[in-house]
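K.L.:
Below: one structure in structure tokens.
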Amino acid sequence: MNPSKQTLGWMYQTMVTSRIFETTIEKIYMEGKSPVFNMANGPIPGEMHLSNGQEPVAVGVCAHLGPEDIVTATHRPHHQAIAKGVDLDRMTAEIFGKATGLSGGRGGHMHLFDPAVNFACAGIIAQGMGPAVGAALSRKMQNKPGVAIAFIGEGAANQGAFHEAMNLAAVWKLPMICVIEDNAWGISVAKAAATSVTRNDVRAAAYGIPGHYVAGNDPWKIYEVAGQAIARARAGDGPTLIEVETYRLAGHFMGDAEGYRPKGEKDGLFAKDPIPAMRKRLEADGTFTAAELDAMQAIADATVQAAIRFARDSAEPRPEDALTAVFA
Amino acid sequence: MENERKLTIARAMAEAMAQEMRLDPTVFVMGEDIAQLGGVFGNTRGLADEFGTDRVRDTPISETGFISAAVGAAMDGMRPVVELMFVDFFGVCFDAIYNLMAKNIYFSGGNVRVPMVLMTSTGGGYSDAGQHSQCLYGSFAHLPGMKVVSPSNAYDAKGLMTAAIRDNSPVIYMFHKGLQGMGWLGTEAAANVHVPEDAYEVEIGKAAITREGTDVTIVSIAMGVHHALKAAKVLEAEGISAEVVDLRSLVPLDRDTVRASVRKTGRLIVVDEDYHSYGVSGEIIATVCEAGDITLKAAPRRIAYPDVPIPYARGMEQFCLPNPEKVAAAAREVCRTTVSA
């Protein structure tokens, strides 16, 4: 299963959009936070978990999805939200805590909800597993199309919620796929120190479902493996567990000194940065010319800058609106 | 009146679910042992026969899994009714309940709905000890984002269940085991009352004056209402007129009805099978004190569960539980006391 030229263009442009978004957010996040770093200050307060380096997983999976499909994401959700087609202006405004944000400033960057494209994320590890299973159950019971993808990190595979949800998806044979982004670190704890198996795809055996591992943070391979799993789910054959080796090019959150990383690890990761690697391959195999790829980059940049402008120009929420929207 | 149809709370709950399931194909029920068994407490009996095990589905013993799945299904357009067999089991799934179910509407800015009911059994009195006997009313009511109801009789049980299923926000539906009409648990006969056959709603957030009186207001919920009514009967013979307020809902709380009653009587007793401190009883007393225009004739009293885990031994548990005698004794005391103006 190879991505079409059009799909490859979308994948590349979406990865670049996500990266530009993250690097822009990174700069703005530091406004007001120096010389003394205080998370509460600046136009974007609170925790900030950047997804730099993990873009191939988001695009390789979401390339197969439409707005009707469901994605639940994590505390590190921007790349997945962008790949799922979440309204970038309103998402950015939400991250800035503005009235025009997806939830009017109530959620922030770990609580992005865009029901128009069936996207939701949550701040606690493995928390999206159950809701993805439930959405898949809803589609199966209503005989409506759609698959549910739960993106989690490799650390989440050690949560009880992961086990309960995978078993439930398997025993009810639901159109659900769990995609584990293995970025090798659970904040500061290495995967090997926290996980009893080297690869989480082997855990699929515990649920009697297929498990796949994708090495190398490779958009083409992710696209292929995810495509097979999603086709299987759409055909009514049940869930799949996929683990993808990916790289966290940033810290766990902004302000993380990353002293736990072995010396030289970051340099090695940047040398494998998936975006230049994809560009190189697309150029080398003649899929796109350098000029075409530059044009995609320009569109990505304009999209992000427009979203940032929208967010900056938007009004703060009225403080007393904190008291609304508790109930539907 | 003799010929009126009486139901147990368990049957009234099942009837409400069945009627809503006939009306609305998105309503479904899931939980442990709720299909063929009909629920450990009888409240889903007959549903699997009528609707099949797709819509009335047994789950694995995975409370986090199926409650968070219900959240996802509710956000996707279904109306799940989910059972947490004993409220005490909240310890294994509170992330799904409080961090997902209760917060997703707010975190979406009201752009998603979470129309689900989490029904769960409460209460002790039958020596099941402290992991199967708690009420935890206050624990759930304290946390924003969930409506909380608990019926004291079958009429309210059906109407509150119907209202809960139709609500677009999550509702915690707490049913007291001692009121279910399950013979093996012992049961409060006064909970079995006339229940109309047609579907109807009891408004969530509206208390009921179960018995009118002039000397003292006794506020309670679920089993405590029956203790209050029994005490009121005894007190009446002694010349004390007690008004009994059945809260029915804890969230939203009908503060107006409570205040109006205490304005009239000037005396307040709260009966709560949940723990004494930081709970419903304190909230009701604060509600009266904060009104600002209520002059109490005596200090308010609460008959609540002492702040200890629930013991197994019969004598120990019964010593701790509220009962009509404790309520009547408190009423006599507050009615003897008169605060001089």
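Every chain in the structure tokens has a letter given in the order shown (A, B, ...), and although residue numbers restart at 1 in each chain, ligands are simply numbered from 1 in the order shown.
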Could you pull out the helix (DSSP H, G or I) residues of region 84-174 of chain B from DSSP and send them as a JSON list (two decimals) with N, CA and C atoms, in the first residue's frame?
P.N.:
```json
[["chain", "number", "residue", "atom", "x", "y", "z"],
["B", 87, "VAL", "N", -21.10, 1.46, 44.51],
["B", 87, "VAL", "CA", -20.46, 2.77, 44.40],
["B", 87, "VAL", "C", -19.04, 2.72, 44.95],
["B", 88, "ASP", "N", -18.84, 1.79, 45.89],
["B", 88, "ASP", "CA", -17.50, 1.63, 46.50],
["B", 88, "ASP", "C", -16.43, 1.33, 45.45],
["B", 89, "PHE", "N", -16.83, 0.79, 44.31],
["B", 89, "PHE", "CA", -15.86, 0.44, 43.27],
["B", 89, "PHE", "C", -15.36, 1.68, 42.52],
["B", 90, "PHE", "N", -15.83, 2.84, 42.92],
["B", 90, "PHE", "CA", -15.37, 4.07, 42.24],
["B", 90, "PHE", "C", -13.85, 4.20, 42.28],
["B", 91, "GLY", "N", -13.26, 3.56, 43.29],
["B", 91, "GLY", "CA", -11.81, 3.66, 43.44],
["B", 91, "GLY", "C", -11.04, 3.15, 42.24],
["B", 92, "VAL", "N", -11.59, 2.22, 41.48],
["B", 92, "VAL", "CA", -10.85, 1.69, 40.33],
["B", 92, "VAL", "C", -11.17, 2.43, 39.03],
["B", 94, "PHE", "N", -12.25, 6.14, 38.94],
["B", 94, "PHE", "CA", -12.67, 7.53, 39.12],
["B", 94, "PHE", "C", -12.08, 8.46, 38.07],
["B", 95, "ASP", "N", -10.99, 8.05, 37.45],
["B", 95, "ASP", "CA", -10.46, 8.89, 36.37],
["B", 95, "ASP", "C", -11.47, 8.98, 35.23],
["B", 96, "ALA", "N", -12.06, 7.82, 34.90],
["B", 96, "ALA", "CA", -13.08, 7.82, 33.83],
["B", 96, "ALA", "C", -14.29, 8.66, 34.23],
["B", 97, "ILE", "N", -14.66, 8.58, 35.50],
["B", 97, "ILE", "CA", -15.85, 9.29, 35.96],
["B", 97, "ILE", "C", -15.58, 10.78, 36.07],
["B", 98, "TYR", "N", -14.55, 11.11, 36.82],
["B", 98, "TYR", "CA", -14.41, 12.52, 37.14],
["B", 98, "TYR", "C", -13.53, 13.30, 36.16],
["B", 99, "ASN", "N", -12.51, 12.66, 35.61],
["B", 99, "ASN", "CA", -11.67, 13.44, 34.70],
["B", 99, "ASN", "C", -12.16, 13.41, 33.26],
["B", 100, "LEU", "N", -13.01, 12.43, 32.93],
["B", 100, "LEU", "CA", -13.56, 12.38, 31.57],
["B", 100, "LEU", "C", -15.05, 12.75, 31.56],
["B", 101, "MET", "N", -15.84, 11.88, 32.17],
["B", 101, "MET", "CA", -17.30, 12.06, 32.10],
["B", 101, "MET", "C", -17.72, 13.44, 32.57],
["B", 104, "ASN", "N", -15.72, 16.67, 30.21],
["B", 104, "ASN", "CA", -15.62, 16.84, 28.75],
["B", 104, "ASN", "C", -16.56, 17.92, 28.21],
["B", 105, "ILE", "N", -17.72, 18.09, 28.81],
["B", 105, "ILE", "CA", -18.61, 19.16, 28.34],
["B", 105, "ILE", "C", -17.93, 20.51, 28.55],
["B", 106, "TYR", "N", -17.40, 20.70, 29.74],
["B", 106, "TYR", "CA", -16.77, 21.98, 30.08],
["B", 106, "TYR", "C", -15.53, 22.23, 29.22],
["B", 107, "PHE", "N", -14.69, 21.21, 29.12],
["B", 107, "PHE", "CA", -13.45, 21.38, 28.35],
["B", 107, "PHE", "C", -13.71, 21.55, 26.85],
["B", 137, "TYR", "N", -22.43, 9.90, 48.79],
["B", 137, "TYR", "CA", -23.20, 10.96, 48.14],
["B", 137, "TYR", "C", -22.37, 12.23, 48.03],
["B", 138, "GLY", "N", -21.76, 12.59, 49.15],
["B", 138, "GLY", "CA", -21.02, 13.85, 49.19],
["B", 138, "GLY", "C", -19.82, 13.85, 48.26],
["B", 139, "SER", "N", -19.17, 12.69, 48.13],
["B", 139, "SER", "CA", -17.98, 12.62, 47.28],
["B", 139, "SER", "C", -18.32, 12.95, 45.84],
["B", 140, "PHE", "N", -19.44, 12.41, 45.37],
["B", 140, "PHE", "CA", -19.84, 12.67, 43.99],
["B", 140, "PHE", "C", -20.42, 14.08, 43.84],
["B", 141, "ALA", "N", -21.24, 14.48, 44.82],
["B", 141, "ALA", "CA", -21.90, 15.78, 44.71],
["B", 141, "ALA", "C", -20.90, 16.93, 44.82],
["B", 142, "HIS", "N", -19.80, 16.69, 45.49],
["B", 142, "HIS", "CA", -18.79, 17.73, 45.68],
["B", 142, "HIS", "C", -18.13, 18.14, 44.37],
["B", 154, "ALA", "N", -40.31, 4.23, 44.52],
["B", 154, "ALA", "CA", -40.36, 3.74, 43.14],
["B", 154, "ALA", "C", -40.89, 4.79, 42.17],
["B", 155, "TYR", "N", -41.79, 5.65, 42.63],
["B", 155, "TYR", "CA", -42.31, 6.71, 41.73],
["B", 155, "TYR", "C", -41.16, 7.61, 41.29],
["B", 156, "ASP", "N", -40.40, 8.09, 42.25],
["B", 156, "ASP", "CA", -39.26, 8.94, 41.91],
["B", 156, "ASP", "C", -38.20, 8.17, 41.13],
["B", 157, "ALA", "N", -38.05, 6.88, 41.46],
["B", 157, "ALA", "CA", -37.03, 6.08, 40.79],
["B", 157, "ALA", "C", -37.28, 6.03, 39.29],
["B", 158, "LYS", "N", -38.54, 5.85, 38.91],
["B", 158, "LYS", "CA", -38.85, 5.80, 37.48],
["B", 158, "LYS", "C", -38.70, 7.18, 36.85],
["B", 159, "GLY", "N", -39.27, 8.18, 37.49],
["B", 159, "GLY", "CA", -39.24, 9.52, 36.91],
["B", 159, "GLY", "C", -37.84, 10.10, 36.84],
["B", 160, "LEU", "N", -37.02, 9.83, 37.83],
["B", 160, "LEU", "CA", -35.64, 10.33, 37.81],
["B", 160, "LEU", "C", -34.82, 9.59, 36.76],
["B", 161, "MET", "N", -35.08, 8.29, 36.60],
["B", 161, "MET", "CA", -34.34, 7.53, 35.58],
["B", 161, "MET", "C", -34.71, 8.05, 34.18],
["B", 162, "THR", "N", -35.97, 8.28, 33.95],
["B", 162, "THR", "CA", -36.39, 8.80, 32.65],
["B", 162, "THR", "C", -35.74, 10.16, 32.38],
["B", 163, "ALA", "N", -35.77, 11.03, 33.39],
["B", 163, "ALA", "CA", -35.17, 12.35, 33.23],
["B", 163, "ALA", "C", -33.66, 12.23, 33.01],
["B", 164, "ALA", "N", -33.03, 11.31, 33.72],
["B", 164, "ALA", "CA", -31.57, 11.15, 33.61],
["B", 164, "ALA", "C", -31.18, 10.68, 32.22],
["B", 165, "ILE", "N", -31.95, 9.72, 31.67],
["B", 165, "ILE", "CA", -31.63, 9.20, 30.34],
["B", 165, "ILE", "C", -31.80, 10.30, 29.29],
["B", 166, "ARG", "N", -32.80, 11.16, 29.48],
["B", 166, "ARG", "CA", -33.07, 12.21, 28.49],
["B", 166, "ARG", "C", -32.14, 13.42, 28.65]]
```
K.L.:
Can you check which residues of chain B have any atom within 7 Å of chain A? Use only C-alpha atoms and format it as a CSV table (one decimal) with C-alpha atoms, in the first residue's frame.
P.N.:
```csv
chain,number,residue,atom,x,y,z
B,62,SER,CA,-13.2,-3.4,33.7
B,64,THR,CA,-12.3,2.1,33.8
B,65,GLY,CA,-12.7,0.5,30.4
B,66,PHE,CA,-16.5,0.4,30.1
B,68,SER,CA,-14.7,5.6,29.7
B,69,ALA,CA,-16.1,3.8,26.7
B,70,ALA,CA,-19.5,5.0,27.7
B,71,VAL,CA,-18.1,8.6,27.6
B,72,GLY,CA,-16.8,8.0,24.1
B,73,ALA,CA,-20.1,6.5,23.0
B,76,ASP,CA,-20.6,10.0,19.6
B,78,MET,CA,-25.4,7.3,22.0
B,105,ILE,CA,-18.6,19.2,28.3
B,106,TYR,CA,-16.8,22.0,30.1
B,107,PHE,CA,-13.5,21.4,28.4
B,108,SER,CA,-15.2,21.5,25.0
B,109,GLY,CA,-16.8,24.8,25.9
B,110,GLY,CA,-20.2,23.1,25.7
B,112,VAL,CA,-19.9,18.2,23.0
B,113,ARG,CA,-22.7,16.5,25.0
B,145,GLY,CA,-19.8,18.4,36.2
B,168,ASN,CA,-27.7,15.8,27.8
B,169,SER,CA,-25.3,15.9,30.8
```
K.L.:
Return the single residue from A:Pro276, A:Gly259, A:Gly268, A:Gly60 that is closest to Val179 (chain A), with distances computed using only C-alpha atoms.
P.N.:
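Looking at the shortest contact to Val179 (chain A), the residue is A:Gly60.
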K.L.:
Give the answer as one residue: which of A:Ala235, A:Ala284, A:Ile308, A:Ile187 has the shortest atom-to-atom distance to Gly155 (chain A), using only C-alpha atoms?
P.N.:
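Between A:Ala235, A:Ala284, A:Ile308, A:Ile187, the residue approaching Gly155 (chain A) most closely is A:Ile187.
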K.L.:
Among region 211-314 of chain B, which residues carry a DSSP assignment of strand (DSSP E), reported as a list in words?
P.N.:
Arg211, Val216, Thr217, Ile218, Val219, Ser220, Ala242, Glu243, Val244, Val245, Asp246, Ser249, Leu250, Val251, Leu268, Ile269, Val270, Val271, Asp272, Glu273, Asp274, Tyr275, Arg301, Arg302, Ile303, Ala304 and Tyr305 of chain B
K.L.:
Emit the selected residues as an mmCIF file, in the first residue's frame, including C-alpha atoms.
P.N.:
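To be explicit, this is the file written out as result.cif:
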```
data_model
loop_
_atom_site.group_PDB
_atom_site.id
_atom_site.type_symbol
_atom_site.label_atom_id
_atom_site.label_comp_id
_atom_site.auth_asym_id
_atom_site.auth_seq_id
_atom_site.Cartn_x
_atom_site.Cartn_y
_atom_site.Cartn_z
ATOM 1 C CA ARG B 211 -44.564 15.156 54.860
ATOM 2 C CA VAL B 216 -38.879 20.880 62.739
ATOM 3 C CA THR B 217 -37.559 20.242 59.240
ATOM 4 C CA ILE B 218 -35.874 16.901 58.611
ATOM 5 C CA VAL B 219 -33.888 16.898 55.373
ATOM 6 C CA SER B 220 -32.653 13.656 53.873
ATOM 7 C CA ALA B 242 -42.039 17.274 61.695
ATOM 8 C CA GLU B 243 -41.709 18.284 58.053
ATOM 9 C CA VAL B 244 -39.727 15.860 55.890
ATOM 10 C CA VAL B 245 -37.836 17.098 52.827
ATOM 11 C CA ASP B 246 -36.678 14.459 50.356
ATOM 12 C CA SER B 249 -31.274 15.390 43.778
ATOM 13 C CA LEU B 250 -27.993 16.520 45.262
ATOM 14 C CA VAL B 251 -26.803 18.234 42.072
ATOM 15 C CA LEU B 268 -33.248 21.709 61.113
ATOM 16 C CA ILE B 269 -32.098 18.115 61.260
ATOM 17 C CA VAL B 270 -30.207 16.469 58.420
ATOM 18 C CA VAL B 271 -30.184 12.693 58.100
ATOM 19 C CA ASP B 272 -27.391 11.337 55.941
ATOM 20 C CA GLU B 273 -26.121 7.758 55.697
ATOM 21 C CA ASP B 274 -22.929 9.165 54.153
ATOM 22 C CA TYR B 275 -20.002 10.164 56.339
ATOM 23 C CA ARG B 301 -28.328 18.750 64.101
ATOM 24 C CA ARG B 302 -27.076 16.045 61.811
ATOM 25 C CA ILE B 303 -27.586 12.312 62.062
ATOM 26 C CA ALA B 304 -24.868 10.964 59.807
ATOM 27 C CA TYR B 305 -22.470 8.077 59.575
#
```
K.L.:
Tell me which protein, DNA and RNA residues are within 8 Å of Gly42 (chain B), counting only C-alpha atoms, leaving out same-chain ones fewer than 5 positions away, and put them as a PyMOL selection string.
P.N.:
chain B and resi 10-11+180+182
K.L.:
Considering only C-alpha atoms, state which residue in the set A:Met254, A:Ala58, A:Val202, A:Ile222 is at the smallest distance from Ala73 (chain A).
P.N.:
A:Ala58
K.L.:
Using only C-alpha atoms, which of the listed residues (A:Ala226, A:Ala250, A:Ala315, A:Ala205) sits closest to Glu26 (chain A)?
P.N.:
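Closest residue, counting only C-alpha atoms: A:Ala250.
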K.L.:
Considering only C-alpha atoms, return as a short mmCIF file (atom, residue, chain, number, x, y, z; two decimals) with C-alpha atoms, in the first residue's frame whatever protein or nucleic-acid residues lie within 12 Å of Gly46 (chain B), sequence-local ones (same chain, fewer than 5 positions apart) excluded.
P.N.:
```cif
data_model
loop_
_atom_site.label_atom_id
_atom_site.label_comp_id
_atom_site.auth_asym_id
_atom_site.auth_seq_id
_atom_site.Cartn_x
_atom_site.Cartn_y
_atom_site.Cartn_z
CA ALA B 10 -35.68 -2.05 40.95
CA ARG B 11 -38.67 -2.67 38.70
CA ALA B 12 -39.39 1.02 38.32
CA MET B 13 -35.82 1.62 37.13
CA ALA B 14 -36.04 -1.23 34.63
CA GLU B 15 -39.39 0.04 33.36
CA MET B 17 -35.02 2.09 30.86
CA ALA B 18 -37.25 -0.17 28.78
CA ILE B 34 -26.76 -6.69 33.87
CA ALA B 35 -27.87 -8.81 30.89
CA GLN B 36 -29.05 -12.36 31.56
CA LEU B 37 -28.76 -11.95 35.32
CA GLY B 38 -30.77 -8.72 35.21
CA GLY B 39 -28.41 -6.89 37.50
CA PHE B 51 -33.79 -5.80 23.63
CA GLY B 52 -31.10 -8.46 23.18
CA THR B 53 -27.56 -8.55 24.45
CA VAL B 56 -28.13 -4.75 27.06
#
```
K.L.:
Skipping near chain neighbours, those fewer than 5 positions away, what residues fall within 6 Å of region 116-128 of chain B using only C-alpha atoms, listed as a count of residues only?
P.N.:
22
K.L.:
Using only C-alpha atoms for the distances, tell me which of A:Gln228, A:Gln159, A:Gln13, A:Thr74 is nearest to Val59 (chain A).
P.N.:
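Smallest separation from Val59 (chain A) among the options: A:Gln13.
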K.L.:
At a cut-off of 9 Å, using only C-alpha atoms, what residues contact Pro252 (chain B)? Leave out same-chain residues fewer than 2 positions from it and give the result as a ChimeraX atom specification.
P.N.:
/B:141,147-149,204-206,249-250,254-255
K.L.:
I'd like to know which of B:Asp24, B:Glu325, B:Asp49, B:Glu238 is closest to Gly77 (chain B), using only C-alpha atoms.
P.N.:
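For Gly77 (chain B), the nearest of the given residues is B:Asp24.
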K.L.:
Within 12 Å of region 294-300 of chain B, counting only C-alpha atoms, which residues show up once you throw out same-chain ones fewer than 2 positions away? Write them as a PyMOL selection string, please.
P.N.:
chain B and resi 215-219+258-271+281-292+302-303+330-341
